[in-house]
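Colleague: I'm passing along coords_24.cif; it holds mmCIF, C-alpha atoms (C1' of nucleotides).
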data_structure
loop_
_atom_site.label_atom_id
_atom_site.label_comp_id
_atom_site.auth_asym_id
_atom_site.auth_seq_id
_atom_site.Cartn_x
_atom_site.Cartn_y
_atom_site.Cartn_z
CA MET M 44 18.35 87.81 85.87
CA PHE M 45 20.03 86.76 89.10
CA ALA M 46 20.22 83.40 90.82
CA LEU M 47 21.24 82.94 94.42
CA ALA M 48 22.59 79.52 95.33
CA ASP M 49 23.33 78.62 98.92
CA GLY M 50 24.39 75.49 100.73
CA ASN M 51 21.61 74.04 102.88
CA ASN M 52 22.61 74.07 106.57
CA PHE M 53 26.09 74.46 105.18
CA TYR M 54 28.34 73.52 108.11
CA ALA M 55 26.13 70.59 109.05
CA SER M 56 26.14 69.41 105.44
CA CYS M 57 29.94 69.63 105.31
CA GLU M 58 30.14 67.32 108.32
CA ARG M 59 27.95 64.81 106.52
CA VAL M 60 29.94 64.63 103.31
CA PHE M 61 32.67 62.49 104.83
CA GLN M 62 30.48 60.78 107.43
CA PRO M 63 27.45 59.62 105.48
CA LYS M 64 26.16 57.67 108.45
CA LEU M 65 25.14 61.05 109.84
CA GLU M 66 22.49 61.33 107.12
CA GLY M 67 19.08 61.61 108.73
CA GLN M 68 20.55 62.29 112.18
CA PRO M 69 20.20 65.56 114.08
CA ILE M 70 23.50 67.50 113.94
CA VAL M 71 24.58 70.80 115.44
CA VAL M 72 27.81 72.71 114.88
CA LEU M 73 29.13 74.97 117.63
CA SER M 74 30.81 78.36 117.42
CA ASN M 75 34.42 78.93 118.37
CA ASN M 76 35.23 77.78 121.88
CA ASP M 77 32.30 75.34 121.64
CA GLY M 78 30.04 78.16 122.83
CA CYS M 79 26.84 78.49 120.84
CA VAL M 80 24.96 76.60 118.15
CA VAL M 81 25.77 78.16 114.77
CA ALA M 82 24.41 75.51 112.40
CA ARG M 83 21.72 72.83 112.61
CA SER M 84 20.59 70.04 110.34
CA GLU M 85 16.88 69.87 109.48
CA GLU M 86 16.45 67.14 112.09
CA ALA M 87 17.98 69.35 114.78
CA LYS M 88 15.74 72.26 113.75
CA ALA M 89 12.73 69.93 114.01
CA LEU M 90 13.76 69.13 117.57
CA GLY M 91 13.44 72.81 118.39
CA ILE M 92 17.14 73.65 118.74
CA ALA M 93 17.35 77.42 118.28
CA MET M 94 20.05 79.24 116.36
CA GLY M 95 22.62 80.82 118.66
CA VAL M 96 21.62 79.00 121.81
CA PRO M 97 24.52 78.29 124.23
CA GLU M 98 25.53 74.66 124.21
CA PHE M 99 25.37 74.26 128.00
CA GLN M 100 21.68 75.19 127.97
CA ILE M 101 20.74 72.29 125.72
CA ARG M 102 23.09 69.70 127.14
CA ASP M 103 20.26 67.57 128.54
CA GLN M 104 18.41 67.60 125.25
CA ILE M 105 21.56 66.69 123.34
CA ARG M 106 21.88 63.57 125.44
CA LYS M 107 18.18 62.73 125.43
CA ASP M 108 17.66 63.16 121.68
CA GLY M 109 21.02 61.79 120.61
CA ILE M 110 22.06 64.97 118.83
CA ARG M 111 25.52 64.80 117.25
CA VAL M 112 27.61 67.81 118.22
CA PHE M 113 30.62 69.22 116.34
CA SER M 114 33.12 71.94 117.11
CA SER M 115 33.45 74.24 114.13
CA ASN M 116 36.00 73.07 111.58
CA TYR M 117 36.64 76.13 109.47
CA THR M 118 39.46 74.47 107.57
CA LEU M 119 36.99 71.91 106.27
CA TYR M 120 34.17 74.40 105.63
CA GLY M 121 36.49 76.77 103.78
CA ASP M 122 37.74 74.03 101.52
CA MET M 123 34.25 72.67 100.87
CA SER M 124 33.14 76.21 100.10
CA ASN M 125 35.86 76.52 97.45
CA ARG M 126 34.71 73.29 95.84
CA MET M 127 31.09 74.36 95.85
CA MET M 128 31.91 77.77 94.36
CA THR M 129 33.98 76.14 91.63
CA VAL M 130 31.02 74.05 90.49
CA LEU M 131 28.48 76.86 90.84
CA SER M 132 30.58 79.38 88.95
CA SER M 133 31.05 76.92 86.09
CA MET M 134 27.30 77.09 85.48
CA ALA M 135 27.03 80.81 84.71
CA PRO M 136 28.99 83.41 82.75
CA ALA M 137 29.56 85.51 85.86
CA HIS M 138 29.27 85.06 89.60
CA GLU M 139 29.78 86.78 92.93
CA ILE M 140 30.81 84.86 96.02
CA TYR M 141 28.71 86.51 98.68
CA SER M 142 29.60 84.47 101.75
CA ILE M 143 31.12 81.13 102.69
CA ASP M 144 27.94 79.35 101.55
CA GLU M 145 26.25 81.75 99.12
CA CYS M 146 26.90 82.70 95.54
CA PHE M 147 25.05 84.98 93.15
CA LEU M 148 25.03 83.79 89.54
CA ASP M 149 24.30 85.79 86.43
CA PHE M 150 21.36 84.02 84.77
CA THR M 151 20.75 86.69 82.15
CA GLY M 152 19.81 85.17 78.82
CA ILE M 153 19.33 81.64 80.11
CA SER M 154 16.22 80.35 78.39
CA GLU M 155 14.85 78.04 81.04
CA PRO M 156 16.20 79.37 84.33
CA GLU M 157 14.45 76.89 86.62
CA LYS M 158 15.63 73.94 84.58
CA HIS M 159 19.18 75.27 84.49
CA ALA M 160 19.05 75.83 88.25
CA SER M 161 17.95 72.24 88.80
CA LEU M 162 20.87 71.05 86.72
CA THR M 163 23.22 73.27 88.71
CA ARG M 164 21.81 71.87 91.91
CA ASP M 165 22.22 68.25 90.85
CA LYS M 166 25.76 68.82 89.67
CA THR M 167 26.80 70.55 92.89
CA LYS M 168 25.35 67.74 94.97
CA GLN M 169 27.01 65.08 92.85
CA TRP M 170 30.42 66.70 92.65
CA THR M 171 30.75 68.06 96.19
CA GLY M 172 28.13 66.30 98.30
CA ILE M 173 26.62 69.63 99.35
CA PRO M 174 22.86 70.13 98.80
CA VAL M 175 22.01 73.63 97.59
CA THR M 176 18.88 75.72 97.12
CA ILE M 177 18.58 78.18 94.26
CA GLY M 178 16.33 81.21 94.02
CA ILE M 179 15.92 83.19 90.80
CA GLY M 180 14.65 86.72 90.24
CA GLU M 181 15.15 89.91 88.29
CA THR M 182 17.08 91.55 91.12
CA LYS M 183 19.34 90.39 93.89
CA VAL M 184 16.70 91.05 96.54
CA LEU M 185 14.16 89.03 94.55
CA ALA M 186 16.65 86.17 94.07
CA LYS M 187 17.25 86.19 97.81
CA ALA M 188 13.51 86.17 98.44
CA ALA M 189 13.04 83.31 95.98
CA ASN M 190 15.74 81.34 97.74
CA ARG M 191 14.06 81.94 101.09
CA LEU M 192 10.67 80.90 99.74
CA ALA M 193 12.11 77.81 98.08
CA LYS M 194 13.46 76.69 101.44
CA ILE M 195 10.03 77.07 103.05
CA HIS M 196 7.66 75.93 100.32
CA ARG M 197 9.67 74.02 97.76
CA ARG M 198 12.02 71.94 99.79
CA GLU M 199 11.69 68.89 97.59
CA PHE M 200 12.65 70.83 94.42
CA GLY M 201 15.15 73.24 95.90
CA VAL M 202 14.54 75.75 93.11
CA LEU M 203 12.13 78.66 92.69
CA GLN M 204 11.89 81.46 90.15
CA LEU M 205 10.02 84.68 90.80
CA THR M 206 8.58 86.12 87.61
CA ALA M 207 6.59 89.24 86.86
CA GLU M 208 3.49 87.01 86.82
CA ASN M 209 3.90 85.09 90.08
CA ARG M 210 5.89 87.63 92.04
CA GLU M 211 3.12 89.28 94.03
CA GLN M 212 1.59 85.99 95.06
CA TRP M 213 4.94 84.78 96.43
CA LEU M 214 5.99 88.04 98.07
CA ALA M 215 2.72 88.03 100.00
CA GLN M 216 3.93 84.84 101.65
CA LEU M 217 7.30 86.23 102.74
CA PRO M 218 7.27 87.83 106.21
CA ILE M 219 8.88 91.27 106.24
CA ASP M 220 11.64 90.22 108.65
CA LYS M 221 12.79 87.57 106.15
CA VAL M 222 13.51 90.16 103.46
CA TRP M 223 17.24 90.62 102.80
CA GLY M 224 18.29 93.91 104.35
CA ILE M 225 15.40 94.18 106.81
CA GLY M 226 16.69 93.30 110.24
CA ARG M 227 15.20 93.28 113.72
CA ALA M 228 14.97 97.01 114.26
CA HIS M 229 13.37 97.87 110.93
CA SER M 230 10.97 94.94 110.86
CA ALA M 231 9.64 95.84 114.31
CA ARG M 232 8.98 99.40 113.15
CA LEU M 233 7.41 98.27 109.87
CA ILE M 234 5.14 95.70 111.50
CA ALA M 235 3.95 98.36 113.93
CA ARG M 236 2.82 100.33 110.88
CA GLY M 237 0.99 97.38 109.39
CA ILE M 238 3.67 96.34 106.90
CA LYS M 239 3.87 92.62 107.50
CA THR M 240 5.03 91.05 104.25
CA ALA M 241 7.49 91.66 101.46
CA LEU M 242 4.53 92.57 99.25
CA ASP M 243 3.30 95.24 101.69
CA PHE M 244 6.79 96.70 101.69
CA ALA M 245 7.11 96.60 97.89
CA PHE M 246 4.06 98.89 97.63
CA HIS M 247 4.98 101.18 100.52
CA ASP M 248 5.48 104.86 99.82
CA LYS M 249 9.09 105.39 98.75
CA GLY M 250 9.37 108.86 100.23
CA GLU M 251 8.37 107.57 103.61
CA VAL M 252 10.80 104.66 103.35
CA ARG M 253 13.56 107.05 102.37
CA LYS M 254 12.89 109.14 105.44
CA SER M 255 12.80 106.31 107.96
CA MET M 256 15.30 103.88 106.43
CA GLY M 257 17.51 106.02 104.24
CA VAL M 258 18.74 105.21 100.80
CA VAL M 259 19.29 101.56 101.70
CA GLY M 260 15.61 101.05 102.48
CA GLU M 261 14.48 102.79 99.33
CA ARG M 262 16.75 100.56 97.27
CA MET M 263 15.07 97.50 98.81
CA VAL M 264 11.66 98.73 97.66
CA TRP M 265 12.87 99.29 94.10
CA GLU M 266 14.51 95.89 94.04
CA LEU M 267 11.33 94.18 95.27
CA GLN M 268 9.49 95.88 92.42
CA GLY M 269 11.90 94.35 89.95
CA VAL M 270 14.12 97.38 89.35
CA SER M 271 17.72 96.29 89.82
CA CYS M 272 19.83 98.65 91.94
CA LEU M 273 22.44 96.18 93.17
CA GLY M 274 24.82 94.78 90.59
CA LEU M 275 26.91 91.65 90.53
CA GLU M 276 30.26 92.35 92.18
CA GLU M 277 32.53 89.93 90.45
CA ILE M 278 35.81 90.95 91.99
CA GLN M 279 35.74 91.21 95.73
CA PRO M 280 37.41 94.41 96.84
CA ASN M 281 40.20 94.29 99.40
CA LYS M 282 39.14 94.37 103.03
CA LYS M 283 39.08 97.78 104.67
CA GLN M 284 39.75 96.35 108.08
CA ILE M 285 40.94 93.00 109.34
CA ILE M 286 40.08 91.88 112.82
CA CYS M 287 40.97 88.90 114.96
CA ALA M 288 39.33 88.61 118.35
CA LYS M 289 38.69 85.40 120.18
CA SER M 290 37.60 84.23 123.58
CA PHE M 291 40.13 82.31 125.61
CA GLY M 292 39.57 78.68 126.56
CA HIS M 293 39.42 79.91 130.17
CA PRO M 294 39.59 83.38 131.71
CA LEU M 295 43.06 84.97 131.95
CA CYS M 296 44.39 87.67 134.20
CA LYS M 297 48.17 87.56 133.69
CA LEU M 298 49.53 90.06 131.22
CA SER M 299 52.12 87.63 129.88
CA GLU M 300 49.51 85.08 128.80
CA ILE M 301 47.35 87.69 127.13
CA GLU M 302 50.43 89.01 125.35
CA GLU M 303 51.07 85.62 123.79
CA ALA M 304 47.49 85.31 122.59
CA LEU M 305 47.55 88.83 121.18
CA ALA M 306 50.88 88.19 119.42
CA CYS M 307 49.33 85.12 117.76
CA TYR M 308 46.19 86.99 116.69
CA THR M 309 48.30 89.83 115.34
CA ASP M 310 50.45 87.44 113.34
CA ARG M 311 47.25 85.99 111.88
CA VAL M 312 45.79 89.34 110.79
CA GLY M 313 49.24 90.18 109.40
CA GLU M 314 49.04 87.11 107.17
CA LYS M 315 45.64 88.14 105.88
CA LEU M 316 46.90 91.67 105.32
CA ARG M 317 49.84 90.47 103.23
CA ALA M 318 47.61 88.03 101.37
CA GLN M 319 45.62 90.94 99.96
CA GLY M 320 48.76 92.95 99.34
CA SER M 321 47.97 95.77 101.74
CA VAL M 322 49.75 97.61 104.49
CA CYS M 323 48.09 98.98 107.59
CA GLY M 324 48.22 102.54 108.86
CA ALA M 325 46.38 102.19 112.14
CA MET M 326 45.70 99.58 114.76
CA GLN M 327 43.15 98.95 117.45
CA VAL M 328 43.56 96.64 120.44
CA PHE M 329 40.79 95.77 122.88
CA LEU M 330 40.23 93.64 125.96
CA GLU M 331 36.99 92.25 127.34
CA THR M 332 35.92 90.70 130.60
CA ASN M 333 32.97 88.29 130.66
CA ALA M 334 29.82 90.40 130.29
CA HIS M 335 27.66 87.43 131.29
CA ARG M 336 29.20 87.35 134.74
CA LYS M 337 27.17 90.06 136.48
CA ASP M 338 29.01 89.20 139.70
CA HIS M 339 32.41 90.10 138.24
CA ARG M 340 33.86 93.58 137.79
CA GLN M 341 33.71 94.56 134.15
CA TYR M 342 36.43 96.29 132.15
CA CYS M 343 36.37 96.55 128.34
CA PRO M 344 39.05 99.03 127.29
CA GLN M 345 39.99 99.80 123.72
CA VAL M 346 42.79 101.86 122.23
CA THR M 347 43.68 102.92 118.72
CA THR M 348 46.90 104.30 117.30
CA THR M 349 48.16 105.35 113.94
CA ILE M 350 51.23 103.68 112.49
CA PRO M 351 53.32 106.48 110.98
CA GLU M 352 54.88 104.29 108.33
CA ALA M 353 52.25 101.80 107.18
CA THR M 354 53.50 98.23 107.31
CA SER M 355 52.59 94.58 106.92
CA TYR M 356 55.68 93.26 108.69
CA SER M 357 54.54 90.99 111.50
CA PRO M 358 57.20 91.88 114.10
CA ALA M 359 56.37 95.56 113.66
CA LEU M 360 52.66 94.86 113.95
CA ILE M 361 53.17 92.66 117.01
CA ALA M 362 55.35 95.27 118.71
CA THR M 363 52.66 97.90 118.16
CA ALA M 364 49.92 95.59 119.41
CA LEU M 365 51.81 94.64 122.58
CA GLY M 366 52.54 98.30 123.27
CA LEU M 367 48.82 99.08 123.06
CA LEU M 368 47.91 96.12 125.25
CA ARG M 369 50.28 97.29 127.98
CA LYS M 370 48.53 100.65 127.92
CA ILE M 371 45.09 99.22 128.66
CA TRP M 372 45.78 96.09 130.70
CA LYS M 373 45.11 96.41 134.41
CA PRO M 374 45.63 93.77 137.07
CA GLY M 375 42.72 92.34 139.04
CA PHE M 376 40.35 91.48 136.21
CA LEU M 377 39.43 88.14 134.66
CA TYR M 378 39.75 88.72 130.95
CA LYS M 379 37.78 86.65 128.49
CA LYS M 380 38.82 88.02 125.15
CA VAL M 381 41.52 90.05 123.46
CA GLY M 382 41.34 91.40 119.96
CA VAL M 383 43.33 93.31 117.39
CA GLY M 384 42.08 95.22 114.38
CA LEU M 385 44.12 96.48 111.44
CA LEU M 386 42.64 99.70 110.10
CA GLU M 387 43.38 102.20 107.37
CA LEU M 388 44.54 99.57 104.96
CA THR M 389 46.17 100.80 101.80
CA GLU M 390 48.26 99.43 99.01
CA THR M 391 50.97 102.07 99.13
CA VAL M 392 53.42 103.04 101.83
CA GLN M 393 53.89 106.70 102.61
CA THR M 394 57.37 106.73 104.10
CA ASP M 395 57.98 108.67 107.27
CA LEU M 396 60.01 111.77 106.50
CA PHE M 397 61.53 111.86 109.96
CA ALA M 398 62.04 108.16 110.63
CA HIS M 399 65.44 106.57 111.02
CA VAL M 400 66.60 104.91 107.89
CA ALA M 401 65.46 101.32 108.10
CA ASN M 402 65.80 98.68 105.48
CA PRO M 403 62.31 97.77 104.36
CA VAL M 404 63.63 95.39 101.73
CA ALA M 405 65.45 93.26 104.31
CA LYS M 406 62.33 93.20 106.47
CA SER M 407 60.13 92.00 103.68
CA ARG M 408 62.64 89.29 102.75
CA ILE M 409 62.49 87.95 106.30
CA GLN M 410 58.72 88.07 106.19
CA GLU M 411 58.62 86.28 102.85
CA VAL M 412 60.69 83.42 104.18
CA VAL M 413 58.59 83.12 107.32
CA ASP M 414 55.39 83.11 105.26
CA LYS M 415 56.78 80.39 103.03
CA LEU M 416 57.41 78.19 106.06
CA GLU M 417 53.67 78.25 106.75
CA GLY M 418 53.64 78.20 110.51
CA ARG M 419 56.69 76.02 111.06
CA VAL M 420 58.50 78.95 112.63
CA ARG M 421 57.01 81.52 114.94
CA TRP M 422 57.92 84.88 116.37
CA GLY M 423 59.20 84.60 119.94
CA SER M 424 56.47 86.76 121.45
CA MET M 425 53.84 84.23 120.39
CA GLY M 426 55.05 81.76 123.01
CA PHE M 427 54.68 78.00 122.90
CA ASP M 428 52.25 76.99 125.63
CA GLU M 429 49.05 78.29 124.14
CA ASP M 430 47.32 77.81 127.46
CA TRP M 431 44.80 80.38 126.31
CA LYS M 432 43.80 78.30 123.27
CA LEU M 433 40.13 78.00 122.62
CA LYS M 434 38.20 74.83 123.07
CA ALA M 435 37.43 72.62 120.08
CA GLU M 436 36.89 69.28 121.69
CA ARG M 437 34.60 67.78 119.09
CA ARG M 438 36.19 68.86 115.85
CA SER M 439 35.90 66.41 112.99
CA ASN M 440 38.88 65.58 110.79
CA ARG M 441 40.21 68.02 108.23
CA TRP M 442 39.35 65.44 105.62
CA THR M 443 40.43 67.41 102.60
CA THR M 444 43.49 69.37 103.69
CA GLU M 445 45.56 67.27 106.12
CA LEU M 446 47.41 64.19 104.93
CA THR M 447 47.12 62.56 108.35
CA GLU M 448 43.37 63.11 108.49
CA LEU M 449 42.32 61.79 105.09
CA PRO M 450 39.28 59.55 105.03
CA ILE M 451 40.11 55.86 104.89
CA VAL M 452 38.06 53.60 102.66
CA ARG M 453 38.10 49.85 103.24
CA ALA M 454 37.10 47.74 100.29
"C1'" DT E 1242 31.35 76.14 135.04
"C1'" DC E 1243 29.87 76.93 130.24
"C1'" DT E 1244 27.36 82.40 126.38
"C1'" DG E 1245 31.10 83.39 118.59
"C1'" DG E 1246 33.55 86.03 115.13
"C1'" DG E 1247 34.11 89.11 111.22
"C1'" DG E 1248 32.59 92.36 108.26
"C1'" DT E 1249 30.01 96.61 105.47
"C1'" DC E 1250 27.38 100.78 104.67
"C1'" DC E 1251 24.90 104.96 105.99
"C1'" DT E 1252 23.74 109.06 108.72
"C1'" DA E 1253 24.10 112.86 111.79
"C1'" DG E 1254 26.71 116.11 113.97
"C1'" DG E 1255 30.85 118.64 115.02
"C1'" DA E 1256 34.98 120.94 113.56
"C1'" DC E 1257 37.05 123.16 110.23
"C1'" DC E 1258 38.05 125.46 105.60
"C1'" DC E 1259 37.36 129.33 102.08
"C1'" DT X 1173 20.06 145.86 114.36
"C1'" DC X 1174 21.12 143.11 110.52
"C1'" DT X 1175 24.56 137.84 110.62
"C1'" DG X 1176 25.91 133.55 103.84
"C1'" DG X 1177 26.84 129.77 101.25
"C1'" DG X 1178 29.28 125.85 100.07
"C1'" DG X 1179 32.17 122.42 101.12
"C1'" DT X 1180 35.38 118.45 103.42
"C1'" DC X 1181 36.81 115.35 106.94
"C1'" DC X 1182 36.24 112.75 111.00
"C1'" DT X 1183 33.78 110.10 114.48
"C1'" DA X 1184 30.24 107.62 116.80
"C1'" DG X 1185 26.41 105.05 116.52
"C1'" DG X 1186 22.95 102.38 114.24
"C1'" DA X 1187 21.61 98.87 111.23
"C1'" DC X 1188 22.47 95.19 108.58
"C1'" DC X 1189 24.78 90.80 106.68
"C1'" DC X 1190 26.89 85.92 107.06
#
Translate the structure described by the file into structure tokens.

Modeller:
Amino acid sequence: MFALADGNNFYASCERVFQPKLEGQPIVVLSNNDGCVVARSEEAKALGIAMGVPEFQIRDQIRKDGIRVFSSNYTLYGDMSNRMMTVLSSMAPAHEIYSIDECFLDFTGISEPEKHASLTRDKTKQWTGIPVTIGIGETKVLAKAANRLAKIHRREFGVLQLTAENREQWLAQLPIDKVWGIGRAHSARLIARGIKTALDFAFHDKGEVRKSMGVVGERMVWELQGVSCLGLEEIQPNKKQIICAKSFGHPLCKLSEIEEALACYTDRVGEKLRAQGSVCGAMQVFLETNAHRKDHRQYCPQVTTTIPEATSYSPALIATALGLLRKIWKPGFLYKKVGVGLLELTETVQTDLFAHVANPVAKSRIQEVVDKLEGRVRWGSMGFDEDWKLKAERRSNRWTTELTELPIVRA
DNA sequence: TCTGGGGTCCTAGGACCC
DNA sequence: TCTGGGGTCCTAGGACCC
């Protein structure tokens, strides 16, 4: 038995925890660079604000309807996520953190699953301030479906269990495109063939599904029928690639500015790489112009190289990245984004037979010290101006992680 | 003027091996 | 004239997730 718990309108709910006066008000949270809407409170959804819509397109409505707008505050959301996961995981023998706001729980052997889920929900709300919805089913896909259905039909309870008895009745109410694993492309094809609901899909011919959707599709059908194919993954495996790519606050054309941004992004992926104890054996760097500007010349080059002696040492990574950038950068374009990807991550270094003798121990000691200083020193190539920095003009305080931004209570 | 970021898995096809 | 069988590795592209 699986349960899936997820935070309702997670980012918007995080904003409310430390600003309770926002309760009942329409809230939206914007993507990086204050670009698009990535989270909405129920009130904002009711006003017709669509997911993913660019902020500038709804500026009039924001003013007219008094919608509160926030830049994304990932420091806060990450910390709130940790708190939420701590409470959720305490309510089951095993769990899998699936995303920043979702967690699968092992509910096997729990005698009254719905009651236990309600308890879990109350506790999470009380201890963290985050409202959650919990779906329960015999497979992960069914738990996901139950969660979805609870949001639509059981908002006041926030809990729903699919059982062998009520399953078909509920699945008939779930549109096919809301099934976990069925995206835009597949749902369009399925609807064209008359498969409109999760129930239709659950009874669709498996051979045919296998042919058109591969093994992934067939697994979905089995799972909808109550046969578990996807297990709980309690330990999250190391990342196979780590990417950092961000739009600039304004378009850049000078190589030197882009170099500084890229050096910063590379240092960041390096940190993540070391955090999981890996080294990287290949790297990709790419540049993008603004695809929305049809009147501008477009240029989106990308280059990949192998790193003969896999490393996690930031200066080495940065040197490689800057070398790749210089290969693809051309003057005369307005660049909007630069990105770096670390690929071929492993946990062991194959030393280069023909390389000069370096001193890897000394390098890692330097890196250790720099990591310990947590951003108080920086590599020279990262620069100091950060003119390219992305916009975050309406970010709320980092209430839980910065001493200078703690909430103040007057009593 | 302004349009996000970061991942995974699967499949098909080509190149190559014995 | 006839032209096998079994396998691996890599890459690109598609589809999906949050």

Colleague: Chain E near chain M within 6 Å: what's each residue's closest atom pair and its distance in Å to one decimal, counting only C-alpha atoms (C1' of nucleotides), ordered by chain then ascending residue number, as a tab-separated table?

Modeller:
residue	atom	partner	partner_atom	distance
E:DC1243	C1'	M:Phe99	CA	5.7
E:DT1244	C1'	M:Pro97	CA	5.4
E:DG1245	C1'	M:Ser74	CA	5.2

Colleague: Please expand the PyMOL selection byres ((chain E and resi 1253) around 12) into the concrete residues it hits in this file, giving the result as a PDB file with C-alpha atoms (C1' of nucleotides), keeping the file's coordinate frame.

Modeller:
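Once written, part.pdb looks like this:
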ATOM      1  C1'  DC E1251      24.900 104.960 105.990  1.00  0.00           C
ATOM      2  C1'  DT E1252      23.740 109.060 108.720  1.00  0.00           C
ATOM      3  C1'  DG E1254      26.710 116.110 113.970  1.00  0.00           C
ATOM      4  C1'  DG E1255      30.850 118.640 115.020  1.00  0.00           C
TER       5       DG E1255
ATOM      6  C1'  DT X1183      33.780 110.100 114.480  1.00  0.00           C
ATOM      7  C1'  DA X1184      30.240 107.620 116.800  1.00  0.00           C
ATOM      8  C1'  DG X1185      26.410 105.050 116.520  1.00  0.00           C
ATOM      9  C1'  DG X1186      22.950 102.380 114.240  1.00  0.00           C
TER      10       DG X1186
END

Colleague: Could you tell me which of M:Ala215, M:Met425, M:Leu275, M:Val264 comes closest to Leu305 of chain M if we count all atoms listed in the file?

Modeller: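 Closest residue, counting all atoms listed in the file: M:Met425.
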
Colleague: Step by step: start from the point (25.5, 86.4, 85.9) in the file's coordinates, keep every protein, DNA or RNA residue that has an atom no farther than 8 Å from it, count only C-alpha atoms (C1' of nucleotides), and write the set as an MDAnalysis selection string.

Modeller: chainID M and resid 44:46 135:138 147:151 275

Colleague: To one decimal in Å, tell me the separation between atom CA of Lys254 of chain M and atom CA of Ala235 of chain M.

Modeller: 16.4 Å

Colleague: The PyMOL selection byres ((chain M and resi 371) around 9) on the file shown: which residues, as an MDAnalysis selection string?

Modeller: chainID M and resid 328:330 344:346 367:370 372:373

Colleague: Any idea what the distance is between atom CA of Arg408 of chain M and atom CA of Val322 of chain M?

Modeller: 15.4 Å

Colleague: Leaving out DC1257 of chain E and any residue of its chain fewer than 3 positions from it, which residues lie within 12 Å of it when counting all atoms listed in the file, given as a list of chain:residue names?

Modeller: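 The filter keeps X:DG1179, X:DT1180, X:DC1181, X:DC1182.
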
Colleague: One number please: atom CA of Ala325 of chain M to atom CA of Leu388 of chain M, in Å, one decimal.

Modeller: 7.9 Å

Colleague: With the PyMOL selection byres ((chain M and resi 379) around 8) as the selection, what would be picked from this file? Answer as a PyMOL selection string, please.

Modeller: chain M and resi 290-291+293-295+330-333+377-378+380-381

Colleague: Using all atoms listed in the file, determine which residues lie at most 12 Å from DC1190 of chain X, disregarding the query and same-chain residues fewer than 4 positions distant; provide the list as a list in words.

Modeller: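 Close residues of DC1190 of chain X: Asp49, Phe53, Val81, Ala82, Ile140, Tyr141, Ser142, Ile143, Asp144, Glu145, Cys146 and Trp223 of chain M; DG1246, DG1247, DG1248 and DT1249 of chain E.
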